[in-house]
Amino acid sequence: MRQVYLDNAATTMVHKEVVETMNKYYGNLFGNPSSIYDFGQTAKKAISSAREKIASVINANPDEVYFTGGGSESDNWAIKGVMTANRKKGNHIITTKIEHHAVLHTCEYLAKNGYEVTYLNVDSDGLISLKALEESIKDTTVMVSIMFANNEIGTIQPIKEIGDIAKRHGVLFHTDAVQAFGHVPIDVKEMNIDLLSASAHKIHGPKGVGMLYVRKGIKIDNLIHGGAQESKKRAGTENVPGICGFAKAAEMALETMNDKMASISVLRDKFLTEIPKKIENVKLNGHPTKRLPGNVNFSFEFIEGESLLLYLDMEGISASSGSACTSGSLDPSHVLMAIGLPHEIAHGSLRLSLSEFNTEEDVDYTIEKLIGVVHRLRQMSPLYIRRK
Amino acid sequence: MRQVYLDNAATTMVHKEVVETMNKYYGNLFGNPSSIYDFGQTAKKAISSAREKIASVINANPDEVYFTGGGSESDNWAIKGVMTANRKKGNHIITTKIEHHAVLHTCEYLAKNGYEVTYLNVDSDGLISLKALEESIKDTTVMVSIMFANNEIGTIQPIKEIGDIAKRHGVLFHTDAVQAFGHVPIDVKEMNIDLLSASAHKIHGPKGVGMLYVRKGIKIDNLIHGGAQESKKRAGTENVPGICGFAKAAEMALETMNDKMASISVLRDKFLTEIPKKIENVKLNGHPTKRLPGNVNFSFEFIEGESLLLYLDMEGISASSGSACTSGSLDPSHVLMAIGLPHEIAHGSLRLSLSEFNTEEDVDYTIEKLIGVVHRLRQMSPLYIRRK
Amino acid sequence: MYTEKVMEHFRNPRNVGEIEDADGIGQVGNAKCGDIMKIFLKIDENDIITDVKFLTFGCGSAIASSSMATELIKGKHIDEAVALTNKAVIEALGGLPRVKVHCSVLAEQAVKSALFDYATKSGKVIAGIEDYQPDEDVHDHDDEQL
Amino acid sequence: MYTEKVMEHFRNPRNVGEIEDADGIGQVGNAKCGDIMKIFLKIDENDIITDVKFLTFGCGSAIASSSMATELIKGKHIDEAVALTNKAVIEALGGLPRVKVHCSVLAEQAVKSALFDYATKSGKVIAGIEDYQPDEDVHDHDDEQL
Ligand SMILES: Cc1ncc(COP(=O)(O)O)c(C=O)c1O
Ligand SMILES: Cc1ncc(COP(=O)(O)O)c(C=O)c1O
């Protein structure tokens, strides 16, 4: 049976070049980069060069890039680290209702511990209001944390404008760019980004490696205290293979970014135009144009997402309904709630997320199967049948 | 030239079986374990089985094992998580002066934030006093964090006795077992251990993966908030290859533990008896018998450790002086200070840490080269020459 | 996640559809929570369930539970049908993940609700559902996944 | 970590040893901090350094810095030797890691200290070290590594 992987926003296939890079460091070059003997030093140089590659993806300086154990760690570190280190300045953080749980739950934790959190609303396309952002900044505001692009609906925020507002008001700007890094152009200098989170496994790199960009001079407490690694800012023996694999993936992503943005969004747009033509009672979620090249998100009325996924899985199609990271819970996605979907429509959402490995045949096959599956589920649905 | 790797306490060569295991998950089985489609579920099963293997090494229940991004994260999580979650009970933590920086710096951070820390002294062999431990427990004491075995001098603490004291006084007991896990027998039930940290790369597994055992029912805040992974206790897309590699390494370590303890300690003991015979003015650091099977630590008077390491490196021998994790700093090791070494003797320390891949020839070769290198450095040393 | 039996009933659900002239119809759940089950019963003069159909909006286990529940009561006397428990549904399915147990509860309640409707319409008394009220509290979606 | 030049001087340090009848001896550093450098000078009637030796307890860069410093002043007039800076030592070594810069400072000071000893013993005045006091504060070991 045809296998069509359309859950690249959850995780991606690791490039074979990345695996090769990692295997080099699993093999003879296993040394500890903090050691002074020869092959410890080789590992150290490998990390330096990885840092440069990662920095170049976002136009940062290499010494502003700190490797972490993933996107969630980066988000936790950025927010807790900045808020606690700048406690004297204030206790207020501004974020949005559509952040990833790594940001939201971190903010909720802070809120329980004497911090104040403002959750900005988004409009029906998932965009924040710059005016509302600006109005919510007060004397006690330390930072703004707004994601670059949403993992469920793909909406891309006006990052440069947010950066400008933050800068004008003297507050720090963190962006969770886990879905954007390596997929769309990012320039931390031009966009006035002070902190940025990224994760390797979203760009065909290894799981369990991420990074936090921290603009030079920013006060941030450690999340993980200990050894002197990462300029004493993030302890733990460096995951040399993972870091080098991340860098390899980032390098490949950067080199091919323009081509991939073009080719992947062609596939995306085929979904965006064909699905509403071929299936009735569907609703596109997320902004029609300001969205990630690989993100497709529709709600299919009268049916429920999990059944949809399972029937698609039987046809060899891997997709997602709501954030993959939270599929342990059955609550309708907070993102779909925030853009104003009623519960029952949120339950019927489907995310198809593309990568460079998808083809037009994948899209055609998926649309064809989707038509059948949606029909079948609607024939079982009391909401649909009653309606007739 | 012969290559002799004697820095296994810093990091170890990854078993080829571990690399093979990981490559399986880098290849076709890259799915996200939180997804419901088929190969996401395969990843999920792989993690369950990994959890069982890890749990069996320490006689824990699988649902008491949480995967992390390494030993440092586990230590930070155990200590901060328990102290903040039990703030109502008290603000006091007891630890020792010879902990790894992942514990020490975490405690220092807590101390800056309203917590009280007692650092227990150790004797000249590196052992804590059980009496001093018991006397330092007070009403506000929440937990005791004492390492299983020291990473520099190899001394193994009386863990069961510590666990008994903690239990008797109703305080929690965390042990940093990064150096002990998979190397010596551990039974969390029998030893009354409530929390235990381990790290994969110390047992021929991958870097950047670790685990924290948390006895069921213990109140602990998350260190990394976010998605629902790890029973909602540790967010972040699971590092499936890393976790499975860790489990493979743990399985291999457990199967061969008894044999390896015997064979490696024979090599260790050869170092321990031969070096003082062949080189004058040396001092053994750490307990003569209560020590890790693979740990050798000597101070060579009148010479400095880094030069010693570099000259040994030229002979193909990789070793360490003080903790590898802190070699960015030139301070003499806090562990050697704590066992009462004068600065100049601490500076001249050498740690040789063995693994199953070392042979008796390695030992003979190393002793031979060491004699020459120590002699050469002493001939350059004003401390040695003046003495004559 | 699901047993083979669950998947089999999900893949090929039995008794999907409506019964135009049903003798009893029960609907439980709500779209907000993501599951609605509607059960249609055809019951003969001996109180035997001669036909049963369902319509379900919900996840895989909701569909499988509906399918299994209809199978378990088809051809049975109403007194037997009213005794159907969610446990029996789970057992027949070879188990359900803990977070999905509410689906089996829903199936039990849908059956009871349809029987209650039949009892009301026909004026019969069925022991066990005299004051039947479907329970809205079974949706403990925040439960930890097994 | 170290340049080829540093390693070369570390591997084959020049001028190791003592001079029995030295005209000037200087020692700086202390064992507590992990580096001691001792420099022995043989100086002729024209104030030319005809021989120089060192003994060093310390890390690789301390040994390399001592070796390089002795090379740089050998055969030189004392006025030239007194002008030796730690920068010159670093340059000649092709650079040092930031945490190791203090080693070059130590080498500069060991030379100055030996010259001061010579000046004191011989009653000469060497411009630049009239009130020479080695600086104990160069050991900023906590510096971030480059
Ligand atoms: C005793 C001890 N604790 C903690 C750690 C930290 O582990 P990791 O490097 O995996 O973060 C180490 C090793 O570096 C160690 O030896
Ligand atoms: C927007 C966003 N932030 C954070 C994360 C967390 O990243 P990781 O799974 O690497 O911890 C994810 C993906 O899971 C994400 O999509």
# chains A, B, ... in the order shown; residues from 1 in each chain; ligands from 1
call {"tool": "residues_around", "arguments": {"residues": "D:Ala62", "least_positions_apart": "2", "cutoff": "9 Å", "atoms": "only C-alpha atoms", "output": "ChimeraX atom specification"}}
result
/D:10,35-37,56-60,64-67,100,102-104,106-107
call {"tool": "write_last_selection", "arguments": {"atoms": "C-alpha atoms", "output": "PDB file, in the first residue's frame"}}
result
ATOM      1  CA  PHE D  10      55.291  22.187  25.270  1.00  0.00           C
ATOM      2  CA  ASP D  35      51.655  27.657  38.379  1.00  0.00           C
ATOM      3  CA  ILE D  36      55.118  28.534  39.551  1.00  0.00           C
ATOM      4  CA  MET D  37      57.801  29.799  37.202  1.00  0.00           C
ATOM      5  CA  THR D  56      57.968  25.503  35.759  1.00  0.00           C
ATOM      6  CA  PHE D  57      55.222  23.821  37.686  1.00  0.00           C
ATOM      7  CA  GLY D  58      52.112  24.406  35.658  1.00  0.00           C
ATOM      8  CA  CYS D  59      49.886  23.610  32.749  1.00  0.00           C
ATOM      9  CA  GLY D  60      50.827  23.191  29.123  1.00  0.00           C
ATOM     10  CA  ALA D  64      55.228  26.705  26.623  1.00  0.00           C
ATOM     11  CA  SER D  65      55.194  30.338  27.778  1.00  0.00           C
ATOM     12  CA  SER D  66      58.285  29.788  29.902  1.00  0.00           C
ATOM     13  CA  SER D  67      60.039  28.116  27.024  1.00  0.00           C
ATOM     14  CA  LYS D 100      45.517  30.820  29.660  1.00  0.00           C
ATOM     15  CA  HIS D 102      47.745  34.624  32.719  1.00  0.00           C
ATOM     16  CA  CYS D 103      50.496  32.107  31.884  1.00  0.00           C
ATOM     17  CA  SER D 104      52.079  34.567  29.510  1.00  0.00           C
ATOM     18  CA  LEU D 106      53.505  34.977  34.558  1.00  0.00           C
ATOM     19  CA  ALA D 107      56.329  34.442  32.079  1.00  0.00           C
TER      20      ALA D 107
END
call {"tool": "residues_around", "arguments": {"residues": "stretch 122-134 of chain D", "least_positions_apart": "2", "cutoff": "10 Å", "atoms": "only C-alpha atoms", "output": "JSON, numbers by chain"}}
result
{"D": [23, 24, 26, 27, 28, 29, 47, 78, 79, 82, 83, 105, 106, 108, 109, 110, 112, 113, 115, 116, 117, 118, 119, 120, 136, 137, 138]}
call {"tool": "closest_atom_pairs", "arguments": {"of": "chain A", "to": "ligand 2", "cutoff": "9 Å", "atoms": "only C-alpha atoms and all ligand atoms", "output": "CSV"}}
result
residue,atom,partner,partner_atom_place_in_ligand_line,distance
A:Ala9,CA,ligand 2,16 (O),6.5
A:Ala10,CA,ligand 2,14 (O),6.0
A:Thr11,CA,ligand 2,14 (O),7.6
A:Gly69,CA,ligand 2,11 (O),7.6
A:Gly70,CA,ligand 2,10 (O),4.0
A:Gly71,CA,ligand 2,7 (O),3.5
A:Ser72,CA,ligand 2,11 (O),3.6
A:Glu73,CA,ligand 2,11 (O),6.2
A:Ser74,CA,ligand 2,11 (O),7.8
A:Asp75,CA,ligand 2,4 (C),6.9
A:Glu99,CA,ligand 2,1 (C),6.9
A:His100,CA,ligand 2,3 (N),5.0
A:His101,CA,ligand 2,4 (C),7.3
A:Ala102,CA,ligand 2,4 (C),5.7
A:Val103,CA,ligand 2,3 (N),7.4
A:Met147,CA,ligand 2,1 (C),6.7
A:Phe148,CA,ligand 2,1 (C),8.0
A:Ala149,CA,ligand 2,1 (C),7.0
A:Asn150,CA,ligand 2,1 (C),5.8
A:Asn151,CA,ligand 2,16 (O),4.6
A:Glu152,CA,ligand 2,16 (O),7.8
A:Asp176,CA,ligand 2,3 (N),5.8
A:Ala177,CA,ligand 2,1 (C),6.4
A:Val178,CA,ligand 2,2 (C),4.8
A:Gln179,CA,ligand 2,1 (C),5.3
A:Ala180,CA,ligand 2,1 (C),8.3
A:Ser197,CA,ligand 2,3 (N),7.8
A:Ala198,CA,ligand 2,7 (O),7.5
A:Ser199,CA,ligand 2,10 (O),4.8
A:Ala200,CA,ligand 2,10 (O),7.0
A:His201,CA,ligand 2,10 (O),6.6
A:Lys202,CA,ligand 2,13 (C),7.5
A:Lys207,CA,ligand 2,10 (O),6.7
A:Gly208,CA,ligand 2,10 (O),6.3
A:Val209,CA,ligand 2,10 (O),7.0
A:Gly210,CA,ligand 2,10 (O),6.4
A:Ser323,CA,ligand 2,16 (O),7.6
A:Ala324,CA,ligand 2,14 (O),7.2
A:Cys325,CA,ligand 2,14 (O),5.5
A:Thr326,CA,ligand 2,14 (O),8.9
call {"tool": "closest_atom_pairs", "arguments": {"of": "chain A", "to": "chain D", "cutoff": "12 Å", "atoms": "only C-alpha atoms", "output": "Markdown table"}}
result
| residue | atom | partner | partner_atom | distance |
| --- | --- | --- | --- | --- |
| A:Pro33 | CA | D:Met1 | CA | 10.7 |
| A:Ser34 | CA | D:Met1 | CA | 10.4 |
| A:Ser35 | CA | D:Met1 | CA | 9.9 |
| A:Ile36 | CA | D:Met1 | CA | 7.3 |
| A:Tyr37 | CA | D:Met1 | CA | 9.2 |
| A:Asp38 | CA | D:Met1 | CA | 9.1 |
| A:Phe39 | CA | D:Met1 | CA | 11.3 |
| A:Gly40 | CA | D:Met1 | CA | 10.1 |
| A:Gln41 | CA | D:Met1 | CA | 6.9 |
| A:Thr42 | CA | D:Met1 | CA | 9.8 |
| A:Ala43 | CA | D:Met1 | CA | 11.6 |
| A:Lys44 | CA | D:Met1 | CA | 9.1 |
| A:Lys45 | CA | D:Met1 | CA | 9.3 |
| A:Ser48 | CA | D:Leu146 | CA | 10.9 |
| A:Asp63 | CA | D:Leu146 | CA | 10.1 |
| A:Ala228 | CA | D:Glu144 | CA | 9.1 |
| A:Gln229 | CA | D:Gln145 | CA | 10.0 |
| A:Glu230 | CA | D:Gln145 | CA | 10.2 |
| A:Ser231 | CA | D:Glu144 | CA | 6.8 |
| A:Lys232 | CA | D:Glu144 | CA | 8.3 |
| A:Lys233 | CA | D:Glu144 | CA | 11.1 |
call {"tool": "write_last_selection", "arguments": {"atoms": "all heavy atoms", "output": "short mmCIF file (atom, residue, chain, number, x, y, z; two decimals), in the first residue's frame"}}
result
data_model
loop_
_atom_site.label_atom_id
_atom_site.label_comp_id
_atom_site.auth_asym_id
_atom_site.auth_seq_id
_atom_site.Cartn_x
_atom_site.Cartn_y
_atom_site.Cartn_z
N PRO A 33 33.68 16.63 24.53
CA PRO A 33 34.23 17.90 24.05
C PRO A 33 34.86 18.74 25.15
O PRO A 33 35.61 19.66 24.85
CB PRO A 33 33.03 18.61 23.43
CG PRO A 33 31.84 17.82 23.76
CD PRO A 33 32.25 16.48 24.26
N SER A 34 34.57 18.43 26.40
CA SER A 34 35.19 19.21 27.46
C SER A 34 36.57 18.68 27.83
O SER A 34 37.25 19.23 28.67
CB SER A 34 34.31 19.18 28.72
OG SER A 34 33.07 19.75 28.43
N SER A 35 37.00 17.60 27.19
CA SER A 35 38.29 17.02 27.54
C SER A 35 39.38 17.68 26.71
O SER A 35 39.12 18.22 25.65
CB SER A 35 38.29 15.53 27.24
OG SER A 35 37.12 14.94 27.74
N ILE A 36 40.60 17.58 27.22
CA ILE A 36 41.66 18.29 26.51
C ILE A 36 42.44 17.38 25.57
O ILE A 36 43.21 17.85 24.77
CB ILE A 36 42.63 18.98 27.48
CG1 ILE A 36 43.39 17.96 28.32
CG2 ILE A 36 41.91 19.98 28.36
CD1 ILE A 36 44.52 18.58 29.09
N TYR A 37 42.23 16.07 25.66
CA TYR A 37 42.97 15.22 24.73
C TYR A 37 42.39 15.37 23.34
O TYR A 37 41.30 15.91 23.14
CB TYR A 37 42.97 13.76 25.18
CG TYR A 37 41.68 13.27 25.75
CD1 TYR A 37 40.63 12.93 24.92
CD2 TYR A 37 41.51 13.20 27.13
CE1 TYR A 37 39.42 12.50 25.46
CE2 TYR A 37 40.31 12.78 27.67
CZ TYR A 37 39.28 12.42 26.83
OH TYR A 37 38.08 12.01 27.35
N ASP A 38 43.18 14.83 22.43
CA ASP A 38 42.95 15.08 21.02
C ASP A 38 41.53 14.87 20.53
O ASP A 38 40.93 15.75 19.95
CB ASP A 38 43.87 14.17 20.22
CG ASP A 38 44.74 15.01 19.32
OD1 ASP A 38 44.99 16.18 19.69
OD2 ASP A 38 45.15 14.52 18.27
N PHE A 39 40.97 13.70 20.80
CA PHE A 39 39.67 13.49 20.14
C PHE A 39 38.51 14.08 20.92
O PHE A 39 37.41 14.20 20.41
CB PHE A 39 39.48 12.06 19.66
CG PHE A 39 39.19 11.06 20.71
CD1 PHE A 39 37.91 10.55 20.85
CD2 PHE A 39 40.18 10.60 21.55
CE1 PHE A 39 37.63 9.61 21.81
CE2 PHE A 39 39.91 9.67 22.50
CZ PHE A 39 38.62 9.17 22.64
N GLY A 40 38.76 14.53 22.16
CA GLY A 40 37.80 15.40 22.82
C GLY A 40 37.77 16.75 22.11
O GLY A 40 36.72 17.32 21.85
N GLN A 41 38.96 17.20 21.72
CA GLN A 41 39.06 18.47 21.01
C GLN A 41 38.40 18.42 19.64
O GLN A 41 37.84 19.41 19.17
CB GLN A 41 40.54 18.85 20.87
CG GLN A 41 41.20 19.18 22.21
CD GLN A 41 40.72 20.51 22.76
OE1 GLN A 41 40.77 21.52 22.08
NE2 GLN A 41 40.22 20.50 23.98
N THR A 42 38.46 17.27 19.00
CA THR A 42 37.80 17.11 17.70
C THR A 42 36.29 17.32 17.88
O THR A 42 35.64 18.00 17.08
CB THR A 42 38.05 15.69 17.15
OG1 THR A 42 39.44 15.45 17.20
CG2 THR A 42 37.54 15.56 15.74
N ALA A 43 35.76 16.74 18.93
CA ALA A 43 34.34 16.90 19.22
C ALA A 43 34.02 18.37 19.47
O ALA A 43 33.00 18.89 19.02
CB ALA A 43 33.96 16.05 20.42
N LYS A 44 34.94 19.03 20.17
CA LYS A 44 34.71 20.44 20.48
C LYS A 44 34.65 21.29 19.21
O LYS A 44 33.80 22.16 19.07
CB LYS A 44 35.85 20.91 21.37
CG LYS A 44 35.63 22.27 21.95
CD LYS A 44 36.61 22.52 23.06
CE LYS A 44 36.50 23.95 23.54
NZ LYS A 44 37.29 24.14 24.76
N LYS A 45 35.56 20.99 18.29
CA LYS A 45 35.56 21.74 17.03
C LYS A 45 34.29 21.46 16.25
O LYS A 45 33.73 22.35 15.61
CB LYS A 45 36.78 21.34 16.19
CG LYS A 45 38.03 22.08 16.63
CD LYS A 45 39.18 21.85 15.65
CE LYS A 45 40.51 22.01 16.38
NZ LYS A 45 41.35 20.79 16.35
N SER A 48 31.64 23.66 17.58
CA SER A 48 31.80 25.05 17.16
C SER A 48 31.28 25.24 15.75
O SER A 48 30.60 26.23 15.44
CB SER A 48 33.27 25.47 17.13
OG SER A 48 33.80 25.41 18.39
N ASP A 63 28.05 32.70 19.11
CA ASP A 63 28.07 32.64 20.58
C ASP A 63 26.74 33.05 21.20
O ASP A 63 26.63 33.15 22.42
CB ASP A 63 29.24 33.45 21.15
CG ASP A 63 29.12 34.92 20.81
OD1 ASP A 63 28.19 35.30 20.05
OD2 ASP A 63 29.96 35.71 21.29
N ALA A 228 30.34 23.26 33.00
CA ALA A 228 30.63 24.54 32.36
C ALA A 228 30.29 24.56 30.87
O ALA A 228 30.66 25.50 30.17
CB ALA A 228 32.10 24.87 32.57
N GLN A 229 29.56 23.55 30.39
CA GLN A 229 29.26 23.48 28.97
C GLN A 229 28.44 24.69 28.51
O GLN A 229 27.80 25.36 29.31
CB GLN A 229 28.47 22.19 28.63
CG GLN A 229 29.23 20.90 28.87
CD GLN A 229 29.02 20.34 30.26
OE1 GLN A 229 28.45 20.99 31.12
NE2 GLN A 229 29.51 19.13 30.49
N GLU A 230 28.43 24.90 27.19
CA GLU A 230 27.62 25.98 26.60
C GLU A 230 27.87 27.30 27.32
O GLU A 230 26.91 27.98 27.75
CB GLU A 230 26.14 25.61 26.59
CG GLU A 230 25.80 24.37 25.76
CD GLU A 230 26.10 24.57 24.28
OE1 GLU A 230 25.51 25.44 23.64
OE2 GLU A 230 26.97 23.82 23.77
N SER A 231 29.15 27.65 27.45
CA SER A 231 29.52 28.89 28.15
C SER A 231 28.86 29.00 29.51
O SER A 231 28.43 30.09 29.91
CB SER A 231 29.17 30.12 27.32
OG SER A 231 29.68 29.99 26.03
N LYS A 232 28.76 27.89 30.18
CA LYS A 232 28.18 27.80 31.53
C LYS A 232 26.69 28.10 31.58
O LYS A 232 26.12 28.27 32.65
CB LYS A 232 28.89 28.74 32.52
CG LYS A 232 30.36 28.42 32.68
CD LYS A 232 30.96 29.22 33.82
CE LYS A 232 32.45 28.92 33.92
NZ LYS A 232 33.19 29.90 34.68
N LYS A 233 26.04 28.16 30.44
CA LYS A 233 24.61 28.52 30.44
C LYS A 233 23.70 27.30 30.35
O LYS A 233 22.53 27.36 30.69
CB LYS A 233 24.32 29.48 29.28
CG LYS A 233 24.84 30.88 29.54
CD LYS A 233 23.90 31.91 28.93
CE LYS A 233 24.03 33.28 29.54
NZ LYS A 233 25.31 33.93 29.28
#
call {"tool": "closest_residue", "arguments": {"among": "A:Leu133, A:Val142, A:Val282, A:Ile203", "to": "A:Ala250", "atoms": "only C-alpha atoms"}}
result
A:Ile203
call {"tool": "residues_around", "arguments": {"residues": "A:Thr256", "least_positions_apart": "4", "cutoff": "12 Å", "atoms": "only C-alpha atoms", "output": "list of chain:residue names"}}
result
A:Val57, A:Gly182, A:His183, A:Val184, A:Pro185, A:Ile203, A:Ala249, A:Ala250, A:Glu251, A:Met252, A:Lys260, A:Met261, A:Ala262, A:Ser263, A:Ile264, A:Glu356
call {"tool": "closest_atom_pairs", "arguments": {"of": "chain A", "to": "ligand 1", "cutoff": "8 Å", "atoms": "only C-alpha atoms and all ligand atoms", "output": "Markdown table"}}
result
| residue | atom | partner | partner_atom_place_in_ligand_line | distance |
| --- | --- | --- | --- | --- |
| A:Gly226 | CA | ligand 1 | 6 (C) | 7.5 |
| A:Gly227 | CA | ligand 1 | 14 (O) | 7.5 |
| A:Ala235 | CA | ligand 1 | 11 (O) | 6.5 |
| A:Gly236 | CA | ligand 1 | 11 (O) | 3.3 |
| A:Thr237 | CA | ligand 1 | 9 (O) | 3.6 |
| A:Glu238 | CA | ligand 1 | 9 (O) | 7.1 |
call {"tool": "write_last_selection", "arguments": {"atoms": "C-alpha atoms", "output": "JSON list (two decimals), in the first residue's frame"}}
result
[["chain", "number", "residue", "atom", "x", "y", "z"],
["A", 226, "GLY", "CA", 25.90, 22.10, 36.46],
["A", 227, "GLY", "CA", 29.02, 21.74, 34.34],
["A", 235, "ALA", "CA", 24.99, 22.10, 31.71],
["A", 236, "GLY", "CA", 25.27, 18.50, 30.57],
["A", 237, "THR", "CA", 27.70, 16.55, 28.44],
["A", 238, "GLU", "CA", 27.12, 17.81, 24.92]]
call {"tool": "select_by_dssp", "arguments": {"residues": "stretch 21-201 of chain A", "states": "strand (DSSP E or B)", "output": "ChimeraX atom specification"}}
result
/A:65-68,92-96,116-120,122,128,141-145,149,155-156,172-176,195-199
call {"tool": "residues_around", "arguments": {"residues": "B:Arg215", "least_positions_apart": "6", "cutoff": "9 Å", "atoms": "only C-alpha atoms", "output": "number ranges by chain"}}
result
B: 60-61, 64-65, 188, 193-195
call {"tool": "residues_around", "arguments": {"residues": "B:Lys131", "least_positions_apart": "5", "cutoff": "12 Å", "atoms": "only C-alpha atoms", "output": "VMD selection string"}}
result
chain B and resid 120 to 122 136 to 137 161 to 162 165
call {"tool": "closest_residue", "arguments": {"among": "B:Leu29, B:Val82, B:Leu267, B:Ile279", "to": "chain A", "atoms": "only C-alpha atoms"}}
result
B:Leu29
call {"tool": "residues_around", "arguments": {"residues": "D:Met68", "least_positions_apart": "4", "cutoff": "12 Å", "atoms": "only C-alpha atoms", "output": "VMD selection string"}}
result
chain D and resid 5 to 10 12 to 16 52 to 54 61 to 64 72 to 74 84 to 94 103 to 104 107 to 108 111
call {"tool": "residues_around", "arguments": {"residues": "A:Leu292", "least_positions_apart": "4", "cutoff": "7 Å", "atoms": "only C-alpha atoms", "output": "VMD selection string"}}
result
chain A and resid 149 154 to 156
call {"tool": "write_last_selection", "arguments": {"atoms": "N, CA, C and O atoms", "output": "mmCIF file, in the first residue's frame"}}
result
data_model
loop_
_atom_site.group_PDB
_atom_site.id
_atom_site.type_symbol
_atom_site.label_atom_id
_atom_site.label_comp_id
_atom_site.auth_asym_id
_atom_site.auth_seq_id
_atom_site.Cartn_x
_atom_site.Cartn_y
_atom_site.Cartn_z
ATOM 1 N N ALA A 149 5.338 30.746 14.035
ATOM 2 C CA ALA A 149 4.288 30.145 13.210
ATOM 3 C C ALA A 149 3.609 29.072 14.043
ATOM 4 O O ALA A 149 4.263 28.357 14.782
ATOM 5 N N GLY A 154 -0.738 26.767 11.216
ATOM 6 C CA GLY A 154 0.290 27.278 10.302
ATOM 7 C C GLY A 154 0.399 28.777 10.172
ATOM 8 O O GLY A 154 1.274 29.278 9.455
ATOM 9 N N THR A 155 -0.477 29.505 10.858
ATOM 10 C CA THR A 155 -0.475 30.968 10.720
ATOM 11 C C THR A 155 0.855 31.582 11.169
ATOM 12 O O THR A 155 1.362 31.240 12.238
ATOM 13 N N ILE A 156 1.384 32.457 10.346
ATOM 14 C CA ILE A 156 2.651 33.146 10.647
ATOM 15 C C ILE A 156 2.344 34.544 11.174
ATOM 16 O O ILE A 156 1.636 35.317 10.542
#
call {"tool": "atom_distance", "arguments": {"atom1": "atom CA of B:Ile220", "atom2": "atom CA of A:Tyr115"}}
result
20.0 Å
call {"tool": "closest_residue", "arguments": {"among": "A:Tyr66, A:Phe181, A:Tyr311, A:Tyr26", "to": "chain B", "atoms": "only C-alpha atoms"}}
result
A:Tyr26
